[in-house]
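Chemist: If it helps, the file is called input.txt and holds compact mmCIF, C-alpha atoms (C1' of nucleotides):
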# COMPACT_ATOMS: atom_id res chain seq x y z
CA MET A 10 43.00 -90.93 34.04
CA GLY A 11 41.99 -87.67 35.64
CA VAL A 12 43.89 -85.87 38.33
CA ASP A 13 45.65 -87.38 41.32
CA ILE A 14 44.81 -84.93 44.10
CA GLY A 15 42.53 -87.15 46.17
CA ASP A 16 44.88 -87.34 49.16
CA LEU A 17 44.63 -83.60 49.69
CA LEU A 18 40.84 -83.51 49.85
CA GLN A 19 38.32 -83.94 52.64
CA ARG A 20 36.38 -87.11 52.03
CA SER A 21 33.59 -88.58 54.10
CA THR A 22 31.93 -91.94 53.76
CA ILE A 23 28.18 -92.06 53.14
CA GLU A 24 25.46 -94.59 52.36
CA VAL A 25 23.68 -94.63 49.01
CA SER A 26 20.47 -93.95 50.93
CA ASP A 27 21.93 -90.60 52.08
CA LEU A 28 21.51 -89.52 48.45
CA SER A 29 17.77 -90.14 48.54
CA LEU A 30 15.88 -87.52 46.49
CA ASP A 31 19.16 -86.12 45.17
CA ILE A 32 19.62 -85.48 41.47
CA VAL A 33 22.98 -87.00 40.71
CA ALA A 34 24.76 -86.10 37.48
CA ILE A 35 26.68 -89.19 36.47
CA ASP A 36 29.92 -88.89 34.55
CA ALA A 37 28.88 -91.25 31.75
CA PHE A 38 32.31 -91.93 30.27
CA ASN A 39 33.79 -92.70 33.67
CA THR A 40 30.93 -94.97 34.69
CA LEU A 41 30.76 -96.87 31.40
CA TYR A 42 34.51 -97.42 31.47
CA GLN A 43 34.17 -98.77 34.98
CA PHE A 44 31.44 -101.19 33.94
CA LEU A 45 33.40 -102.35 30.90
CA SER A 46 36.54 -103.03 32.89
CA ILE A 47 34.91 -104.62 35.92
CA ILE A 48 32.03 -106.68 34.54
CA ARG A 49 33.97 -109.57 33.11
CA GLN A 50 34.34 -113.29 33.37
CA ARG A 51 37.22 -114.80 35.25
CA ASP A 52 39.31 -115.19 32.12
CA GLY A 53 38.89 -111.48 31.38
CA THR A 54 36.35 -111.76 28.56
CA PRO A 55 33.57 -109.15 28.86
CA LEU A 56 29.93 -110.19 28.69
CA LYS A 57 28.82 -110.53 25.06
CA ASP A 58 25.65 -111.39 23.18
CA SER A 59 25.51 -114.25 20.65
CA GLN A 60 26.68 -111.92 17.88
CA GLY A 61 29.79 -110.93 19.80
CA ASN A 62 28.65 -107.44 20.85
CA VAL A 63 29.94 -106.40 24.29
CA THR A 64 27.10 -106.07 26.81
CA SER A 65 28.91 -105.49 30.14
CA HIS A 66 27.88 -101.85 30.21
CA LEU A 67 24.23 -102.75 29.60
CA SER A 68 24.29 -105.15 32.53
CA GLY A 69 25.88 -102.48 34.70
CA ILE A 70 23.34 -99.83 33.73
CA LEU A 71 20.33 -102.09 34.21
CA TYR A 72 21.21 -103.49 37.63
CA ARG A 73 23.22 -100.67 39.19
CA MET A 74 20.79 -97.95 38.11
CA THR A 75 17.85 -100.00 39.33
CA ASN A 76 19.56 -100.27 42.70
CA ILE A 77 20.35 -96.60 43.10
CA VAL A 78 16.93 -95.52 41.84
CA GLU A 79 15.45 -97.89 44.41
CA ALA A 80 17.51 -96.02 47.03
CA GLY A 81 15.78 -92.81 45.93
CA VAL A 82 18.47 -91.34 43.69
CA LYS A 83 17.46 -89.49 40.52
CA PRO A 84 20.33 -90.15 38.11
CA VAL A 85 21.10 -88.20 34.94
CA PHE A 86 23.91 -89.34 32.66
CA VAL A 87 26.17 -86.67 31.19
CA PHE A 88 28.05 -87.70 28.05
CA ASP A 89 31.24 -86.17 26.66
CA GLY A 90 31.21 -84.04 23.53
CA LYS A 91 34.27 -82.80 21.68
CA PRO A 92 37.40 -82.79 23.83
CA PRO A 93 39.59 -79.67 23.86
CA GLU A 94 42.54 -79.82 21.49
CA TRP A 95 45.14 -80.02 24.29
CA LYS A 96 43.73 -83.38 25.26
CA SER A 97 44.90 -85.01 22.03
CA SER A 98 48.21 -86.30 23.38
CA THR A 99 46.46 -87.83 26.39
CA ILE A 100 43.92 -89.45 24.09
CA GLN A 101 46.69 -90.77 21.87
CA LYS A 102 48.53 -92.13 24.87
CA ARG A 103 45.40 -93.93 26.05
CA THR A 104 44.95 -95.49 22.62
CA GLU A 105 48.54 -96.74 22.69
CA THR A 106 48.17 -98.14 26.21
CA ARG A 107 44.98 -99.90 25.18
CA GLU A 108 46.49 -101.42 22.01
CA ASN A 109 49.47 -102.49 24.06
CA ALA A 110 47.21 -104.11 26.63
CA LYS A 111 45.42 -106.11 23.92
CA VAL A 112 48.70 -107.65 22.82
CA LYS A 113 49.75 -108.37 26.41
CA TRP A 114 46.33 -109.89 27.14
CA ALA A 115 46.69 -112.35 24.27
CA ASP A 116 50.25 -113.06 25.31
CA ALA A 117 49.38 -113.71 28.96
CA LYS A 118 46.45 -115.87 27.93
CA GLU A 119 48.71 -118.00 25.79
CA LYS A 120 51.19 -118.40 28.62
CA GLY A 121 48.41 -119.31 31.04
CA LEU A 122 49.04 -116.33 33.34
CA ALA A 123 45.47 -115.81 34.53
CA GLU A 124 46.00 -112.83 36.80
CA GLU A 125 48.08 -110.94 34.22
CA ALA A 126 45.58 -111.78 31.51
CA TYR A 127 42.73 -110.34 33.57
CA LYS A 128 44.64 -107.15 34.29
CA TYR A 129 45.41 -106.51 30.62
CA ALA A 130 41.89 -107.50 29.58
CA GLN A 131 40.59 -104.72 31.82
CA ALA A 132 43.05 -102.24 30.38
CA SER A 133 41.78 -103.11 26.88
CA SER A 134 38.35 -101.62 27.64
CA LYS A 135 37.14 -98.91 25.31
CA VAL A 136 34.05 -96.72 25.45
CA ASP A 137 33.37 -96.55 21.71
CA ALA A 138 30.50 -95.04 19.71
CA THR A 139 28.45 -98.25 19.83
CA ILE A 140 28.80 -98.50 23.61
CA VAL A 141 27.60 -94.90 23.95
CA GLU A 142 24.70 -95.39 21.52
CA ASP A 143 23.53 -98.60 23.22
CA SER A 144 23.78 -96.99 26.64
CA LYS A 145 21.64 -94.02 25.58
CA LYS A 146 19.07 -96.38 24.10
CA LEU A 147 18.82 -98.37 27.33
CA LEU A 148 18.71 -95.28 29.56
CA THR A 149 15.88 -93.82 27.50
CA ALA A 150 13.91 -97.06 27.70
CA MET A 151 14.50 -97.13 31.46
CA GLY A 152 13.17 -93.57 31.78
CA ILE A 153 16.52 -92.12 32.88
CA PRO A 154 17.51 -88.83 31.21
CA PHE A 155 20.87 -88.00 29.68
CA VAL A 156 22.61 -84.82 28.59
CA ASP A 157 25.05 -84.38 25.71
CA ALA A 158 27.84 -82.03 26.75
CA PRO A 159 29.34 -79.77 24.08
CA SER A 160 32.79 -80.48 25.53
CA GLU A 161 33.84 -82.40 28.63
CA GLY A 162 31.04 -84.22 30.46
CA GLU A 163 32.38 -83.33 33.91
CA ALA A 164 32.43 -79.64 32.95
CA GLN A 165 28.79 -79.81 31.90
CA ALA A 166 27.86 -81.75 35.04
CA ALA A 167 29.62 -79.18 37.24
CA TYR A 168 27.69 -76.42 35.48
CA MET A 169 24.42 -78.23 36.17
CA VAL A 170 25.24 -78.54 39.86
CA LYS A 171 26.30 -74.90 40.14
CA LYS A 172 23.07 -73.90 38.40
CA GLY A 173 21.03 -75.97 40.83
CA ASP A 174 19.69 -78.42 38.25
CA ALA A 175 21.58 -81.26 39.93
CA ASP A 176 22.79 -81.78 43.49
CA LYS A 177 25.99 -83.75 43.03
CA ILE A 178 28.31 -85.28 40.47
CA ALA A 179 29.15 -88.98 40.57
CA SER A 180 32.61 -89.76 39.21
CA GLN A 181 35.78 -91.55 40.25
CA ASP A 182 37.83 -88.65 38.91
CA TYR A 183 38.56 -85.43 40.75
CA ASP A 184 38.26 -83.26 37.64
CA SER A 185 34.71 -82.26 38.53
CA LEU A 186 36.14 -80.31 41.46
CA LEU A 187 38.48 -78.44 39.15
CA PHE A 188 35.45 -77.53 37.06
CA GLY A 189 33.94 -76.18 40.26
CA SER A 190 31.37 -78.73 41.34
CA PRO A 191 30.67 -78.08 45.05
CA LEU A 192 29.96 -81.77 45.74
CA VAL A 193 31.35 -84.92 44.19
CA VAL A 194 30.41 -88.52 45.05
CA ARG A 195 32.90 -91.31 44.44
CA ASN A 196 32.21 -95.04 44.45
CA LEU A 197 28.53 -94.61 43.65
CA THR A 198 28.71 -97.00 40.73
CA VAL A 199 31.40 -99.30 42.11
CA SER A 200 30.29 -99.72 45.70
CA GLY A 201 29.51 -102.99 47.38
CA LYS A 202 31.48 -105.90 48.67
CA ARG A 203 34.87 -106.37 47.09
CA LYS A 204 36.98 -109.42 47.66
CA LEU A 205 40.63 -108.68 48.24
CA PRO A 206 42.63 -110.75 45.77
CA LYS A 207 44.29 -113.83 47.21
CA LYS A 208 43.12 -113.03 50.71
CA ASN A 209 40.06 -114.13 52.57
CA ILE A 210 39.09 -110.56 53.35
CA TYR A 211 36.09 -108.64 52.12
CA LEU A 212 36.35 -104.90 51.91
CA ASP A 213 33.23 -102.80 52.09
CA VAL A 214 33.55 -100.12 49.43
CA LYS A 215 31.18 -97.34 50.36
CA PRO A 216 30.39 -94.13 48.50
CA GLU A 217 32.28 -91.10 49.70
CA ILE A 218 31.47 -87.45 49.29
CA ILE A 219 33.91 -84.62 48.71
CA ASN A 220 32.93 -81.09 49.62
CA LEU A 221 34.89 -78.58 47.54
CA LYS A 222 34.53 -75.61 49.86
CA GLU A 223 35.42 -77.60 52.98
CA SER A 224 38.46 -79.03 51.23
CA LEU A 225 39.64 -75.60 50.12
CA ASP A 226 39.10 -74.14 53.59
CA GLU A 227 40.99 -77.00 55.19
CA LEU A 228 43.92 -76.51 52.82
CA GLY A 229 43.70 -72.73 53.10
CA ILE A 230 43.78 -72.24 49.34
CA SER A 231 41.49 -70.81 46.67
CA HIS A 232 39.77 -72.75 43.90
CA SER A 233 42.19 -71.21 41.44
CA GLN A 234 45.07 -72.53 43.51
CA LEU A 235 43.58 -76.03 43.52
CA ILE A 236 43.61 -75.86 39.72
CA ASP A 237 47.24 -74.73 39.91
CA ILE A 238 48.09 -77.70 42.12
CA ALA A 239 46.43 -80.05 39.65
CA LEU A 240 48.40 -78.47 36.81
CA CYS A 241 51.64 -79.08 38.74
CA VAL A 242 50.73 -82.75 39.25
CA GLY A 243 49.39 -83.22 35.74
CA THR A 244 45.89 -83.25 34.24
CA ASP A 245 44.30 -84.68 31.11
CA TYR A 246 45.56 -81.54 29.38
CA ASN A 247 49.16 -81.28 30.56
CA GLU A 248 52.05 -83.47 31.69
CA GLY A 249 52.77 -82.06 35.10
CA LEU A 250 56.15 -81.19 36.56
CA GLU A 251 58.72 -83.92 36.91
CA GLY A 252 58.86 -85.50 40.33
CA VAL A 253 55.99 -83.39 41.67
CA GLY A 254 53.13 -85.19 43.41
CA PRO A 255 50.15 -83.75 45.27
CA LYS A 256 52.06 -82.98 48.47
CA THR A 257 54.93 -81.19 46.76
CA ALA A 258 52.49 -79.34 44.53
CA LEU A 259 50.58 -78.07 47.56
CA LYS A 260 53.83 -76.91 49.12
CA LEU A 261 54.91 -75.16 45.94
CA ILE A 262 51.60 -73.33 45.53
CA ARG A 263 51.53 -72.31 49.19
CA GLU A 264 55.04 -70.98 48.83
CA HIS A 265 54.66 -69.20 45.48
CA GLU A 266 50.89 -68.59 45.45
CA THR A 267 50.41 -69.23 41.73
CA ILE A 268 51.65 -71.73 39.18
CA GLU A 269 53.00 -68.90 37.05
CA LYS A 270 55.37 -67.97 39.86
CA VAL A 271 56.31 -71.61 40.45
CA LEU A 272 57.23 -71.98 36.79
CA LYS A 273 59.18 -68.74 36.79
CA ALA A 274 61.14 -69.74 39.89
CA LYS A 275 61.99 -73.13 38.40
CA ASP A 276 62.43 -71.86 34.86
CA LEU A 277 59.85 -74.32 33.54
CA GLU A 278 56.96 -74.14 31.09
CA ILE A 279 53.57 -75.75 30.67
CA PRO A 280 52.21 -75.61 27.11
CA ASN A 281 48.84 -73.86 26.72
CA LEU A 282 48.81 -72.97 30.41
CA GLU A 283 46.51 -69.95 30.13
CA ASP A 284 44.06 -71.75 27.84
CA ILE A 285 43.86 -74.74 30.16
CA LYS A 286 43.31 -72.60 33.25
CA GLU A 287 40.61 -70.69 31.42
CA PHE A 288 39.04 -73.96 30.34
CA PHE A 289 38.76 -75.22 33.93
CA LYS A 290 37.20 -71.92 35.00
CA SER A 291 34.75 -71.43 32.15
CA PRO A 292 34.47 -74.45 29.87
CA ASP A 293 32.02 -74.74 27.00
CA VAL A 294 28.66 -75.86 28.43
CA THR A 295 25.04 -75.82 27.33
CA ASP A 296 21.57 -75.05 28.71
CA ASP A 297 20.05 -77.18 25.99
CA TYR A 298 18.79 -80.08 28.09
CA SER A 299 15.70 -81.12 29.96
CA LEU A 300 15.68 -83.43 32.93
CA LYS A 301 12.64 -85.65 33.08
CA TRP A 302 12.42 -89.03 34.74
CA ASN A 303 9.86 -91.36 33.24
CA LYS A 304 8.45 -94.71 34.15
CA PRO A 305 10.39 -97.43 32.34
CA ASP A 306 9.11 -98.56 28.96
CA SER A 307 9.31 -102.23 29.88
CA GLU A 308 8.51 -103.47 26.40
CA ALA A 309 11.32 -101.40 24.93
CA VAL A 310 13.80 -102.56 27.56
CA ILE A 311 12.88 -106.21 27.05
CA SER A 312 12.98 -106.06 23.28
CA PHE A 313 16.35 -104.30 23.37
CA LEU A 314 18.05 -106.38 26.06
CA CYS A 315 16.38 -109.76 25.56
CA GLY A 316 15.46 -109.57 21.88
CA LYS A 317 18.65 -107.97 20.65
CA HIS A 318 21.28 -108.76 23.26
CA ASP A 319 20.34 -112.15 24.71
CA PHE A 320 19.61 -111.05 28.29
CA SER A 321 17.46 -113.41 30.35
CA GLU A 322 13.85 -112.24 30.29
CA ASP A 323 13.36 -113.45 33.85
CA ARG A 324 16.14 -111.30 35.25
CA VAL A 325 15.27 -108.23 33.20
CA THR A 326 11.61 -108.45 34.19
CA LYS A 327 12.55 -108.64 37.84
CA ALA A 328 14.77 -105.57 37.60
CA LEU A 329 12.04 -103.70 35.71
CA GLU A 330 9.48 -104.48 38.38
CA ARG A 331 11.76 -102.97 41.02
CA LEU A 332 12.52 -99.97 38.84
CA GLU A 333 8.86 -99.34 38.12
CA ALA A 334 7.92 -99.68 41.78
CA SER A 335 10.46 -97.07 42.83
CA SER A 336 9.93 -94.65 39.95
CA GLY A 337 6.35 -93.85 40.75
CA SER A 338 3.12 -95.81 40.32
CA GLY A 339 1.68 -95.36 43.78
CA GLN A 340 4.91 -95.14 45.75
CA SER A 341 5.71 -92.31 48.11
CA THR A 342 8.44 -91.15 45.76
CA LEU A 343 5.85 -90.43 43.05
CA ASP A 344 5.67 -86.66 43.20
CA LYS A 345 9.40 -86.31 43.68
CA TRP A 346 10.20 -88.53 40.74
CA PHE A 347 8.12 -86.83 38.08
C1' DC B 30 29.27 -104.85 38.36
C1' DA B 31 25.19 -107.88 39.41
C1' DT B 32 22.11 -112.16 40.37
C1' DC B 33 21.33 -116.84 41.71
C1' DA B 34 21.48 -121.35 43.78
C1' DA B 35 23.62 -124.14 47.10
C1' DC B 36 24.86 -124.44 51.36
C1' DA B 37 25.99 -123.65 56.56
C1' DT C 7 20.19 -114.80 57.58
C1' DG C 8 24.53 -114.77 55.54
C1' DT C 9 28.45 -116.40 52.92
C1' DT C 10 30.37 -118.50 48.73
C1' DG C 11 31.34 -119.75 44.14
C1' DA C 12 29.62 -119.88 39.55
C1' DT C 13 27.48 -117.47 35.99
C1' DG C 14 25.43 -113.67 33.52
C1' DG C 15 25.55 -112.26 27.83
Let me see whether you can do it: turn the structure in this file into structure tokens.

Modeler:
Amino acid sequence: MGVDIGDLLQRSTIEVSDLSLDIVAIDAFNTLYQFLSIIRQRDGTPLKDSQGNVTSHLSGILYRMTNIVEAGVKPVFVFDGKPPEWKSSTIQKRTETRENAKVKWADAKEKGLAEEAYKYAQASSKVDATIVEDSKKLLTAMGIPFVDAPSEGEAQAAYMVKKGDADKIASQDYDSLLFGSPLVVRNLTVSGKRKLPKKNIYLDVKPEIINLKESLDELGISHSQLIDIALCVGTDYNEGLEGVGPKTALKLIREHETIEKVLKAKDLEIPNLEDIKEFFKSPDVTDDYSLKWNKPDSEAVISFLCGKHDFSEDRVTKALERLEASSGSGQSTLDKWF
DNA sequence: CATCAACA
DNA sequence: TGTTGATGG
């Protein structure tokens, strides 16, 4: 998923508290997928309510958002709209991989291969319409705004950062940088202590920030050339050149300056190349949004999570108290929050 | 991912 | 106070 150019970029580790008072545009699809694949029981089954509805994403939103809001972050979720047509083969491929994983999950479970089963269970995760709808409902009740992008969420989020309506984008993908976001935070929604499998070692996964301009300066390339590098490696919209990884791509673009010249020299083609480049540079975005953070509607959260999805009222109430305390009501963050 | 209780 | 393993829904 996304583009594999991370090794080329300048990344620096930060603390969540370094994002205090920042408006962070969260790549909703990316984050929800992360929650769905990670928040699972040991056998790989996601959290579910008594009716069988998946609730892993709701757990993730409630607790993780409470924690980052408590650290002073003002999150806004940005949801995907209609993907561009050149994404259809990638989408189809993902569907196939997912269906495949479901079969392998069942197979591994039957054979008692726990580790394999877990891996394929994770790969079976899907952010479907219900997941999106439930997430929006919970966010609204928690007082956290969201934006519906006309096209790709990361493109909309990048636009919001460039416009000054948000400070940074949170996503595990690097696509936001191709869409021109000056700052991208990774590991914001997956940070914490992670146990290394089979070993007695705990790894501290901390958020890291990528500065687009610094990365470009360090590499000595333009933004357009970074897009060209990504196109060589492969994006959600094209396959990439055979045997070309980030390092080779950088070399090729340094040598030939543009992807057009690379392709000419190698007598290769990338379908829809001009359209895709244009899309990265000026994607379809909207100004039709308003960012307003409200105090949580505790009753709504409780009736939705506890009444409808079997969450423990004790736990939800505790999270709500923390959320309410940090989102205003006498705290020092009051005027910044509203 | 998170919380929680049990323990050193 | 911090680590650990089980559980959450």

Chemist: For chain A against chain C, which residues fall within 9 Å using all atoms listed in the file, given as JSON, numbers by chain?

Modeler: {"A": [50, 55, 56, 57, 58, 59, 63, 64, 65, 68, 318, 319, 320, 321]}

Chemist: Only residues of chain B matter here; which ones have an atom within 12 Å of chain A, counting only C-alpha atoms (C1' of nucleotides)? Give them as number ranges by chain.

Modeler: B: 30-33

Chemist: Please, which residues are within 6 Å of (7.5, -102.5, 33.3) by the file's coordinates, counting all atoms listed in the file, and could they come as a ChimeraX atom specification?

Modeler: /A:305,307,329-330,333

Chemist: Could you jot down the atom CA of Ala130 of chain A to atom CA of Ala110 of chain A separation for me, Å, one decimal place?

Modeler: 7.0 Å

Chemist: What does the distance from atom CA of Tyr42 of chain A to atom CA of Glu322 of chain A come to in Å, to one decimal?

Modeler: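 We find that atom CA of Tyr42 of chain A and atom CA of Glu322 of chain A lie 25.5 Å from each other.
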
Chemist: Which distance in Å separates atom CA of Glu163 of chain A and atom CA of Ser185 of chain A, to one decimal?

Modeler: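 Interatomic distance, atom CA of Glu163 of chain A to atom CA of Ser185 of chain A: 5.3 Å.
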
Chemist: Calculated over only C-alpha atoms, which of the candidates A:Ile32, A:Ala126, A:Ile311, A:Ile218 has the smallest distance to Arg51 of chain A?

Modeler: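 Between A:Ile32, A:Ala126, A:Ile311, A:Ile218, the residue approaching Arg51 of chain A most closely is A:Ala126.
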
Chemist: When distances are computed from all atoms listed in the file, which of A:Tyr298, A:Tyr246, A:Tyr127, A:Phe188 shows the smallest separation from Val87 of chain A?

Modeler: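 Nearest to Val87 of chain A: A:Tyr298.
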
Chemist: Around (42.3, -100.1, 26.5) in the file's own coordinates, what residues are found within 10 Å if you use all atoms listed in the file, given back as a list of chain:residue names?

Modeler: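 Residues found, by chain and rising number: A:Tyr42, A:Ser46, A:Arg103, A:Thr104, A:Glu105, A:Thr106, A:Arg107, A:Glu108, A:Asn109, A:Ala110, A:Lys111, A:Tyr129, A:Ala130, A:Gln131, A:Ala132, A:Ser133, A:Ser134, A:Lys135, A:Val136.
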
Chemist: Export C-alpha atoms of the chosen residues as a compact mmCIF listing (two decimals), in the frame of the given file?

Modeler:
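Output file result31.txt follows:
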# COMPACT_ATOMS: atom_id res chain seq x y z
CA TYR A 42 34.51 -97.42 31.47
CA SER A 46 36.54 -103.03 32.89
CA ARG A 103 45.40 -93.93 26.05
CA THR A 104 44.95 -95.49 22.62
CA GLU A 105 48.54 -96.74 22.69
CA THR A 106 48.17 -98.14 26.21
CA ARG A 107 44.98 -99.90 25.18
CA GLU A 108 46.49 -101.42 22.01
CA ASN A 109 49.47 -102.49 24.06
CA ALA A 110 47.21 -104.11 26.63
CA LYS A 111 45.42 -106.11 23.92
CA TYR A 129 45.41 -106.51 30.62
CA ALA A 130 41.89 -107.50 29.58
CA GLN A 131 40.59 -104.72 31.82
CA ALA A 132 43.05 -102.24 30.38
CA SER A 133 41.78 -103.11 26.88
CA SER A 134 38.35 -101.62 27.64
CA LYS A 135 37.14 -98.91 25.31
CA VAL A 136 34.05 -96.72 25.45

Chemist: Please, what is the axis-aligned box for every listed atom of segment 80-90 of chain A with 5 Å on each side, as centre and edge lengths in Å to one decimal, as lines of an AutoDock Vina configuration file?

Modeler:
center_x = 23.5
center_y = -90.0
center_z = 35.3
size_x = 25.5
size_y = 22.0
size_z = 33.5

Chemist: Might you pull out every residue within 12 Å of Glu283 of chain A, with all atoms listed in the file counted and same-chain residues fewer than 2 positions away left off, and present them as JSON, numbers by chain?

Modeler: {"A": [95, 236, 237, 240, 246, 247, 268, 269, 278, 279, 280, 281, 285, 286, 287, 288, 289, 290]}

Chemist: Between A:Ile219, A:Leu228, A:Leu282, A:Val156, single out the one closest to Ile23 of chain A, counting all atoms listed in the file.

Modeler: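 Selected residue with least distance to Ile23 of chain A: A:Ile219.
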
Chemist: With all atoms listed in the file as the atoms that count, which of A:Ala166, A:Asp27, A:Cys241, A:Thr99 lies nearest to Leu272 of chain A?

Modeler: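 Closest to Leu272 of chain A of all the choices is A:Cys241.
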